[in-house]
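coords.txt (compact mmCIF, C-alpha atoms) appears below.
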# COMPACT_ATOMS: atom_id res chain seq x y z
CA MET A 1 -11.27 -6.95 -33.24
CA VAL A 2 -7.92 -8.28 -34.50
CA LEU A 3 -6.52 -4.83 -35.16
CA VAL A 4 -8.03 -3.33 -32.02
CA PRO A 5 -8.25 -6.14 -29.44
CA ARG A 6 -10.13 -5.83 -26.20
CA LEU A 7 -8.16 -4.06 -23.48
CA GLN A 8 -6.62 -6.24 -20.79
CA PRO A 9 -8.01 -5.69 -17.27
CA ARG A 10 -6.11 -3.45 -14.89
CA TYR A 11 -5.58 -4.77 -11.38
CA TYR A 12 -5.61 -2.52 -8.32
CA THR A 13 -5.08 -3.61 -4.75
CA ILE A 14 -8.01 -2.76 -2.47
CA SER A 15 -7.01 -0.07 0.02
CA SER A 16 -9.83 -0.43 2.54
CA SER A 17 -10.89 -2.93 5.17
CA SER A 18 -14.14 -4.82 4.54
CA THR A 19 -14.78 -4.67 8.28
CA VAL A 20 -14.56 -0.87 8.39
CA HIS A 21 -16.18 -0.30 4.96
CA PRO A 22 -18.43 -3.32 4.33
CA LYS A 23 -20.34 -1.70 1.45
CA ARG A 24 -17.51 0.11 -0.31
CA ILE A 25 -14.16 -0.65 -1.90
CA HIS A 26 -11.42 1.99 -1.87
CA LEU A 27 -8.68 2.16 -4.50
CA THR A 28 -5.44 4.12 -4.51
CA VAL A 29 -4.74 5.15 -8.10
CA SER A 30 -1.90 7.22 -9.53
CA VAL A 31 -3.12 9.00 -12.67
CA ILE A 32 -0.54 8.38 -15.42
CA GLU A 33 0.36 11.43 -17.50
CA GLN A 34 3.66 11.51 -19.37
CA THR A 35 5.19 13.60 -22.17
CA LYS A 36 6.43 11.43 -25.06
CA LEU A 37 9.57 12.05 -27.11
CA ASP A 38 7.58 13.73 -29.88
CA GLY A 39 6.11 16.19 -27.37
CA SER A 40 2.64 14.67 -27.31
CA LEU A 41 0.96 13.71 -24.05
CA PHE A 42 0.37 10.12 -23.01
CA ASN A 43 -2.50 9.50 -20.60
CA GLY A 44 -2.90 6.16 -18.85
CA VAL A 45 -6.00 4.49 -20.24
CA CYS A 46 -7.49 3.14 -17.03
CA SER A 47 -6.24 5.72 -14.53
CA THR A 48 -7.45 8.61 -16.70
CA PHE A 49 -10.83 6.91 -17.14
CA LEU A 50 -11.20 6.42 -13.39
CA GLN A 51 -10.26 10.05 -12.79
CA SER A 52 -13.10 11.09 -15.09
CA LEU A 53 -15.72 9.25 -13.00
CA GLU A 54 -16.60 12.19 -10.80
CA PRO A 55 -19.50 11.48 -8.44
CA PRO A 56 -22.56 13.78 -8.24
CA PHE A 57 -22.46 16.79 -5.96
CA THR A 58 -23.14 15.92 -2.32
CA LYS A 59 -23.18 17.73 0.98
CA GLY A 60 -23.30 15.92 4.30
CA GLY A 61 -23.89 12.66 2.44
CA LYS A 62 -26.99 14.01 0.64
CA ARG A 63 -27.36 14.72 -3.06
CA THR A 64 -27.42 18.41 -3.96
CA ASP A 65 -27.56 18.23 -7.76
CA GLU A 66 -31.23 17.35 -8.22
CA GLY A 67 -33.23 20.34 -9.34
CA HIS A 68 -30.26 22.67 -8.80
CA ASN A 69 -30.54 25.52 -11.29
CA GLY A 70 -33.13 23.50 -13.18
CA LEU A 71 -30.75 20.60 -13.76
CA LYS A 72 -31.88 17.00 -13.75
CA ARG A 73 -30.52 14.52 -11.24
CA GLN A 74 -27.01 13.60 -12.38
CA ALA A 75 -26.42 9.92 -13.11
CA TRP A 76 -23.95 8.20 -10.83
CA PRO A 77 -20.89 7.17 -12.88
CA SER A 78 -20.17 3.48 -13.25
CA CYS A 79 -17.61 1.07 -14.64
CA ARG A 80 -17.25 -2.70 -14.87
CA VAL A 81 -15.17 -4.24 -12.09
CA PHE A 82 -14.52 -7.62 -10.52
CA VAL A 83 -12.92 -8.62 -7.23
CA ARG A 84 -10.29 -11.32 -6.76
CA ASP A 85 -9.17 -12.93 -3.53
CA SER A 86 -6.32 -11.03 -1.90
CA SER A 87 -3.01 -12.55 -0.88
CA PHE A 88 -2.71 -9.91 1.84
CA ARG A 89 -4.30 -11.24 5.02
CA LEU A 90 -3.56 -10.40 8.62
CA PRO A 91 -2.15 -13.18 10.82
CA GLU A 92 -4.79 -15.28 12.54
CA ASP A 93 -3.42 -14.21 15.92
CA PRO A 94 -3.89 -10.42 16.21
CA ARG A 95 -0.96 -10.28 18.64
CA THR A 96 1.44 -11.22 15.82
CA PRO A 97 3.50 -8.20 14.67
CA ILE A 98 3.27 -7.05 11.05
CA LEU A 99 5.98 -5.36 9.00
CA LEU A 100 4.58 -3.30 6.12
CA ILE A 101 6.66 -1.97 3.20
CA GLY A 102 4.60 0.04 0.73
CA PRO A 103 6.05 3.13 -0.97
CA GLY A 104 3.91 5.24 -3.31
CA THR A 105 0.62 3.61 -4.25
CA GLY A 106 2.01 0.44 -2.67
CA ILE A 107 0.51 1.92 0.49
CA ALA A 108 -2.90 0.61 -0.68
CA PRO A 109 -3.03 -2.80 1.04
CA MET A 110 -1.14 -1.43 4.03
CA ARG A 111 -3.89 1.10 4.60
CA ALA A 112 -6.44 -1.73 4.49
CA LEU A 113 -4.43 -3.81 6.99
CA LEU A 114 -4.06 -0.85 9.34
CA GLN A 115 -7.79 -0.13 9.17
CA GLU A 116 -8.43 -3.75 10.10
CA ARG A 117 -5.88 -3.62 12.92
CA ASP A 118 -7.47 -0.45 14.26
CA ALA A 119 -10.89 -2.13 14.16
CA GLN A 120 -9.49 -5.09 16.10
CA ARG A 121 -8.04 -2.71 18.66
CA GLN A 122 -11.40 -0.95 19.05
CA GLN A 123 -13.04 -4.35 19.58
CA GLY A 124 -10.80 -4.80 22.62
CA LEU A 125 -8.39 -7.30 21.08
CA ASP A 126 -4.74 -7.31 22.05
CA VAL A 127 -2.94 -6.40 18.80
CA GLY A 128 0.74 -6.72 18.05
CA ALA A 129 3.13 -4.13 16.69
CA SER A 130 2.50 -2.66 13.23
CA ILE A 131 5.59 -1.17 11.58
CA LEU A 132 5.22 0.74 8.29
CA TYR A 133 7.90 1.79 5.82
CA PHE A 134 6.53 4.34 3.37
CA GLY A 135 8.31 6.40 0.76
CA CYS A 136 7.52 9.04 -1.85
CA LYS A 137 9.22 11.94 -3.61
CA LYS A 138 8.32 14.83 -1.31
CA ARG A 139 6.34 15.15 1.90
CA ASP A 140 4.23 18.05 0.62
CA VAL A 141 3.60 16.50 -2.83
CA ASP A 142 2.76 12.79 -2.62
CA PHE A 143 2.68 11.72 1.02
CA LEU A 144 -0.47 9.63 0.60
CA TYR A 145 -2.85 9.28 3.55
CA GLU A 146 -0.60 11.33 5.80
CA ASP A 147 -3.46 12.38 8.09
CA GLU A 148 -4.77 8.82 8.37
CA LEU A 149 -1.36 7.41 9.17
CA GLU A 150 -0.85 10.00 11.90
CA ALA A 151 -4.27 9.12 13.31
CA PHE A 152 -3.33 5.41 13.30
CA ARG A 153 -0.12 6.25 15.12
CA ARG A 154 -1.95 8.29 17.76
CA SER A 155 -4.51 5.53 18.31
CA GLY A 156 -1.84 2.85 18.66
CA ALA A 157 -2.85 0.89 15.57
CA LEU A 158 0.45 1.96 13.95
CA THR A 159 3.43 1.41 16.24
CA ALA A 160 6.12 3.04 14.11
CA LEU A 161 6.22 4.94 10.82
CA HIS A 162 9.53 5.03 8.92
CA LEU A 163 9.61 7.52 6.04
CA ALA A 164 11.81 8.02 2.98
CA PHE A 165 11.41 11.16 0.86
CA SER A 166 13.63 10.51 -2.14
CA ARG A 167 13.75 14.05 -3.53
CA GLU A 168 14.31 15.97 -0.30
CA THR A 169 17.96 15.03 0.18
CA LYS A 170 21.08 15.33 -1.96
CA GLU A 171 21.25 11.56 -2.32
CA LYS A 172 18.02 9.72 -3.08
CA VAL A 173 16.76 7.72 -0.13
CA TYR A 174 14.25 4.91 -0.58
CA VAL A 175 12.50 2.57 1.84
CA GLN A 176 15.14 -0.13 1.41
CA HIS A 177 17.82 2.32 2.56
CA VAL A 178 15.81 3.18 5.66
CA MET A 179 15.28 -0.51 6.42
CA ALA A 180 19.01 -1.15 6.22
CA ARG A 181 19.89 1.40 8.92
CA PRO A 182 21.45 -0.45 11.88
CA ASP A 183 18.68 0.27 14.42
CA ASN A 184 15.93 -0.60 11.94
CA ALA A 185 17.72 -3.76 10.82
CA LYS A 186 17.93 -4.91 14.45
CA GLU A 187 14.23 -4.18 14.92
CA ILE A 188 13.35 -6.15 11.78
CA TRP A 189 15.39 -9.15 12.90
CA GLN A 190 13.85 -9.08 16.37
CA LEU A 191 10.33 -8.88 14.95
CA VAL A 192 10.82 -11.61 12.36
CA ASN A 193 13.03 -14.08 14.20
CA VAL A 194 11.77 -13.76 17.78
CA GLN A 195 8.21 -12.51 17.46
CA ASN A 196 7.29 -14.33 14.23
CA ALA A 197 6.24 -11.15 12.43
CA HIS A 198 4.57 -11.28 9.02
CA ILE A 199 6.09 -9.18 6.22
CA TYR A 200 4.04 -7.49 3.48
CA VAL A 201 5.60 -5.75 0.46
CA CYS A 202 3.70 -3.89 -2.26
CA GLY A 203 5.01 -1.73 -5.11
CA GLY A 204 7.32 -1.90 -8.12
CA THR A 205 9.38 -5.00 -8.93
CA SER A 206 12.65 -3.09 -8.62
CA MET A 207 11.75 -1.90 -5.12
CA GLY A 208 10.63 -5.41 -4.21
CA ALA A 209 13.98 -6.84 -5.29
CA ASP A 210 15.87 -4.22 -3.28
CA VAL A 211 13.75 -4.89 -0.18
CA ALA A 212 14.33 -8.63 -0.60
CA LYS A 213 18.09 -8.04 -0.70
CA VAL A 214 17.95 -5.94 2.49
CA LEU A 215 15.91 -8.63 4.23
CA HIS A 216 18.37 -11.29 3.09
CA ASP A 217 21.28 -9.21 4.40
CA VAL A 218 19.51 -8.67 7.74
CA VAL A 219 18.98 -12.41 8.14
CA LYS A 220 22.55 -13.17 7.04
CA ASN A 221 24.33 -10.58 9.18
CA LEU A 222 22.23 -10.51 12.33
CA GLY A 223 21.35 -14.18 12.21
CA GLY A 224 24.99 -15.21 11.78
CA MET A 225 24.24 -17.25 8.65
CA ASP A 226 26.02 -17.75 5.37
CA ALA A 227 24.28 -16.70 2.13
CA SER A 228 22.71 -20.09 1.41
CA LEU A 229 21.25 -20.46 4.91
CA ALA A 230 19.88 -16.90 4.77
CA THR A 231 18.22 -17.69 1.44
CA ALA A 232 16.68 -20.83 2.90
CA TYR A 233 15.44 -18.83 5.90
CA VAL A 234 13.71 -16.25 3.68
CA ASP A 235 12.26 -18.99 1.45
CA LYS A 236 10.77 -20.61 4.54
CA LEU A 237 9.10 -17.29 5.43
CA LYS A 238 7.54 -17.20 1.96
CA ALA A 239 6.41 -20.82 2.09
CA GLY A 240 4.81 -20.24 5.47
CA GLY A 241 2.86 -17.20 4.27
CA ARG A 242 4.90 -14.85 6.44
CA TYR A 243 6.53 -12.96 3.57
CA VAL A 244 3.97 -11.81 1.01
CA GLN A 245 4.73 -9.64 -2.01
CA GLU A 246 2.50 -7.94 -4.57
CA LEU A 247 4.69 -6.31 -7.19
CA TRP A 248 4.23 -4.79 -10.63
CA ALA A 249 6.56 -3.73 -13.44
Translate the structure described by the file into structure tokens.
Amino acid sequence: MVLVPRLQPRYYTISSSSTVHPKRIHLTVSVIEQTKLDGSLFNGVCSTFLQSLEPPFTKGGKRTDEGHNGLKRQAWPSCRVFVRDSSFRLPEDPRTPILLIGPGTGIAPMRALLQERDAQRQQGLDVGASILYFGCKKRDVDFLYEDELEAFRRSGALTALHLAFSRETKEKVYVQHVMARPDNAKEIWQLVNVQNAHIYVCGGTSMGADVAKVLHDVVKNLGGMDASLATAYVDKLKAGGRYVQELWA
């Protein structure tokens, strides 16, 4: 046990609303597969394991494996999990706008929030604007939940979808670059300063730092503040639960 200690738990953000899916939890997992310097292949321990947990054959929600070609009923795969309280919660007032920044698998909690917003809308509640910034390498390779996001946009649950495809242009474009565009910066300042929007950021630490810098610059430039006042403004958003980040290295 000293030489081979127990593996540390892997944490994944839930990507589904408990209102919409009360008996299930959805995860958004990127399977890690990398070639090492010596030419051997490295497979992520947890992501590869989760990929291997293929469910039994089903059709129309019914099992089709039992007795098929003389086979016995296939056991449903399982793994040990636990659930922690999330720091991502919608504002108490559904009319409050939300600003979502989640590139790559950082889309996970944003999908859950949008599902919840759509459920609120279907319940007849008056919901505020929902603005999403999503980025990936290429539209036709890793644009996660594209169909769902389009459906949210058509239904009105998603007000605006800003996209950054980093490998489709000569210069790499990421979500922070899209946020910094003049029209988008003005929209962000209006949402945050006038309409008391809540900001949610999920993804890598580097992206989170870049997004924080853009937000600071928006507050500084459009709010007419010096650097220290802009920092204090952003810190107040964090302290008030209006700027929530979930980042990983």
#### Entry: Nearest residue to A:Leu237 from the set A:Leu222, A:Ala197, A:Arg181, A:Asp93 (distances using all atoms listed in the file)
A:Ala197
### Task
Find the residues around A:Trp76 up to 9 Å (only C-alpha atoms counted), leave out those fewer than 3 positions away in its own chain, and share them as a PyMOL selection string.
chain A and resi 53-56
### Summary
Expressed in Å, the length from atom CA of A:Ala151 to atom CA of A:Asp118 is 10.1 Å
### Task
Just the residues within 12 Å of A:Arg89, please, counting only C-alpha atoms, with nothing from its chain fewer than 4 positions along; format it as a list in words.
Ile14, Ser17, Ser18, Asp85, Asp93, Pro94, Ile98, Leu100, Pro109, Met110, Ala112, Leu113, Leu114, Glu116, Arg117, His198, Ile199, Tyr200, Gly241, Arg242, Tyr243, Val244 and Gln245 of chain A
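Distances from A:Leu229, A:Tyr145, A:Pro103, A:Glu33 to A:Val173 were compared using all atoms listed in the file, and the smallest one belongs to A:Pro103.
We find atom CA of A:Thr231 and atom CA of A:Ile188 to be spaced 16.2 Å apart.
Separating atom CA of A:Gly204 from atom CA of A:Asp140 is a distance of 22.0 Å.
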## Note on the structure
Nearest to A:Ala160, restricted to all atoms listed in the file and choosing among A:Leu50, A:Ala129, A:Ala108, A:Ala180, comes out as A:Ala129
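When all atoms listed in the file are used to compute distances to A:Ile25, the closest of the residues A:Thr13, A:Thr105, A:Ser40, A:Gln123 turns out to be A:Thr13.
Nearest to A:Lys138 of all the residues A:Ser166, A:Gln120, A:Thr58, A:Gln115 is A:Ser166, counting all atoms listed in the file.
The residue that comes closest to A:Val81, out of A:Arg121, A:Lys170, A:Arg10, A:His216 and on the basis of only C-alpha atoms, is A:Arg10.
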### Task
Tell me which protein, DNA and RNA residues are within 10 Å of A:Met179, counting only C-alpha atoms, leaving out same-chain ones fewer than 3 positions away, and put them as number ranges by chain.
A: 101, 133, 162-164, 174-176, 182-188, 211, 214-215, 218
Centre and edges of the stretch 80-90 of chain A box, axis-aligned, 3 Å extra per side, as lines of an AutoDock Vina configuration file:
center_x = -10.0
center_y = -7.8
center_z = -3.1
size_x = 20.5
size_y = 16.2
size_z = 29.5
Write a file for stretch 138-163 of chain A of the given structure; include C-alpha atoms and format it as a PDB file, in the first residue's frame.
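Result file out38.pdb:
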ATOM      1  CA  LYS A 138     -13.147  22.692 -34.496  1.00  0.00           C
ATOM      2  CA  ARG A 139     -16.896  22.843 -35.017  1.00  0.00           C
ATOM      3  CA  ASP A 140     -17.072  19.407 -36.650  1.00  0.00           C
ATOM      4  CA  VAL A 141     -14.743  17.718 -34.128  1.00  0.00           C
ATOM      5  CA  ASP A 142     -15.502  18.739 -30.542  1.00  0.00           C
ATOM      6  CA  PHE A 143     -18.484  21.094 -30.507  1.00  0.00           C
ATOM      7  CA  LEU A 144     -20.094  19.416 -27.494  1.00  0.00           C
ATOM      8  CA  TYR A 145     -23.889  19.412 -27.211  1.00  0.00           C
ATOM      9  CA  GLU A 146     -24.279  21.437 -30.388  1.00  0.00           C
ATOM     10  CA  ASP A 147     -27.809  20.144 -31.054  1.00  0.00           C
ATOM     11  CA  GLU A 148     -28.908  20.796 -27.471  1.00  0.00           C
ATOM     12  CA  LEU A 149     -27.525  24.317 -27.470  1.00  0.00           C
ATOM     13  CA  GLU A 150     -29.326  25.099 -30.711  1.00  0.00           C
ATOM     14  CA  ALA A 151     -32.533  23.715 -29.204  1.00  0.00           C
ATOM     15  CA  PHE A 152     -32.049  25.923 -26.124  1.00  0.00           C
ATOM     16  CA  ARG A 153     -31.552  28.917 -28.382  1.00  0.00           C
ATOM     17  CA  ARG A 154     -34.709  28.171 -30.367  1.00  0.00           C
ATOM     18  CA  SER A 155     -36.760  27.726 -27.192  1.00  0.00           C
ATOM     19  CA  GLY A 156     -35.496  30.972 -25.684  1.00  0.00           C
ATOM     20  CA  ALA A 157     -33.683  29.366 -22.761  1.00  0.00           C
ATOM     21  CA  LEU A 158     -30.383  30.466 -24.346  1.00  0.00           C
ATOM     22  CA  THR A 159     -30.421  34.115 -25.390  1.00  0.00           C
ATOM     23  CA  ALA A 160     -27.065  34.273 -27.151  1.00  0.00           C
ATOM     24  CA  LEU A 161     -24.335  31.782 -28.042  1.00  0.00           C
ATOM     25  CA  HIS A 162     -20.824  33.144 -28.661  1.00  0.00           C
ATOM     26  CA  LEU A 163     -18.415  30.624 -30.194  1.00  0.00           C
TER      27      LEU A 163
END
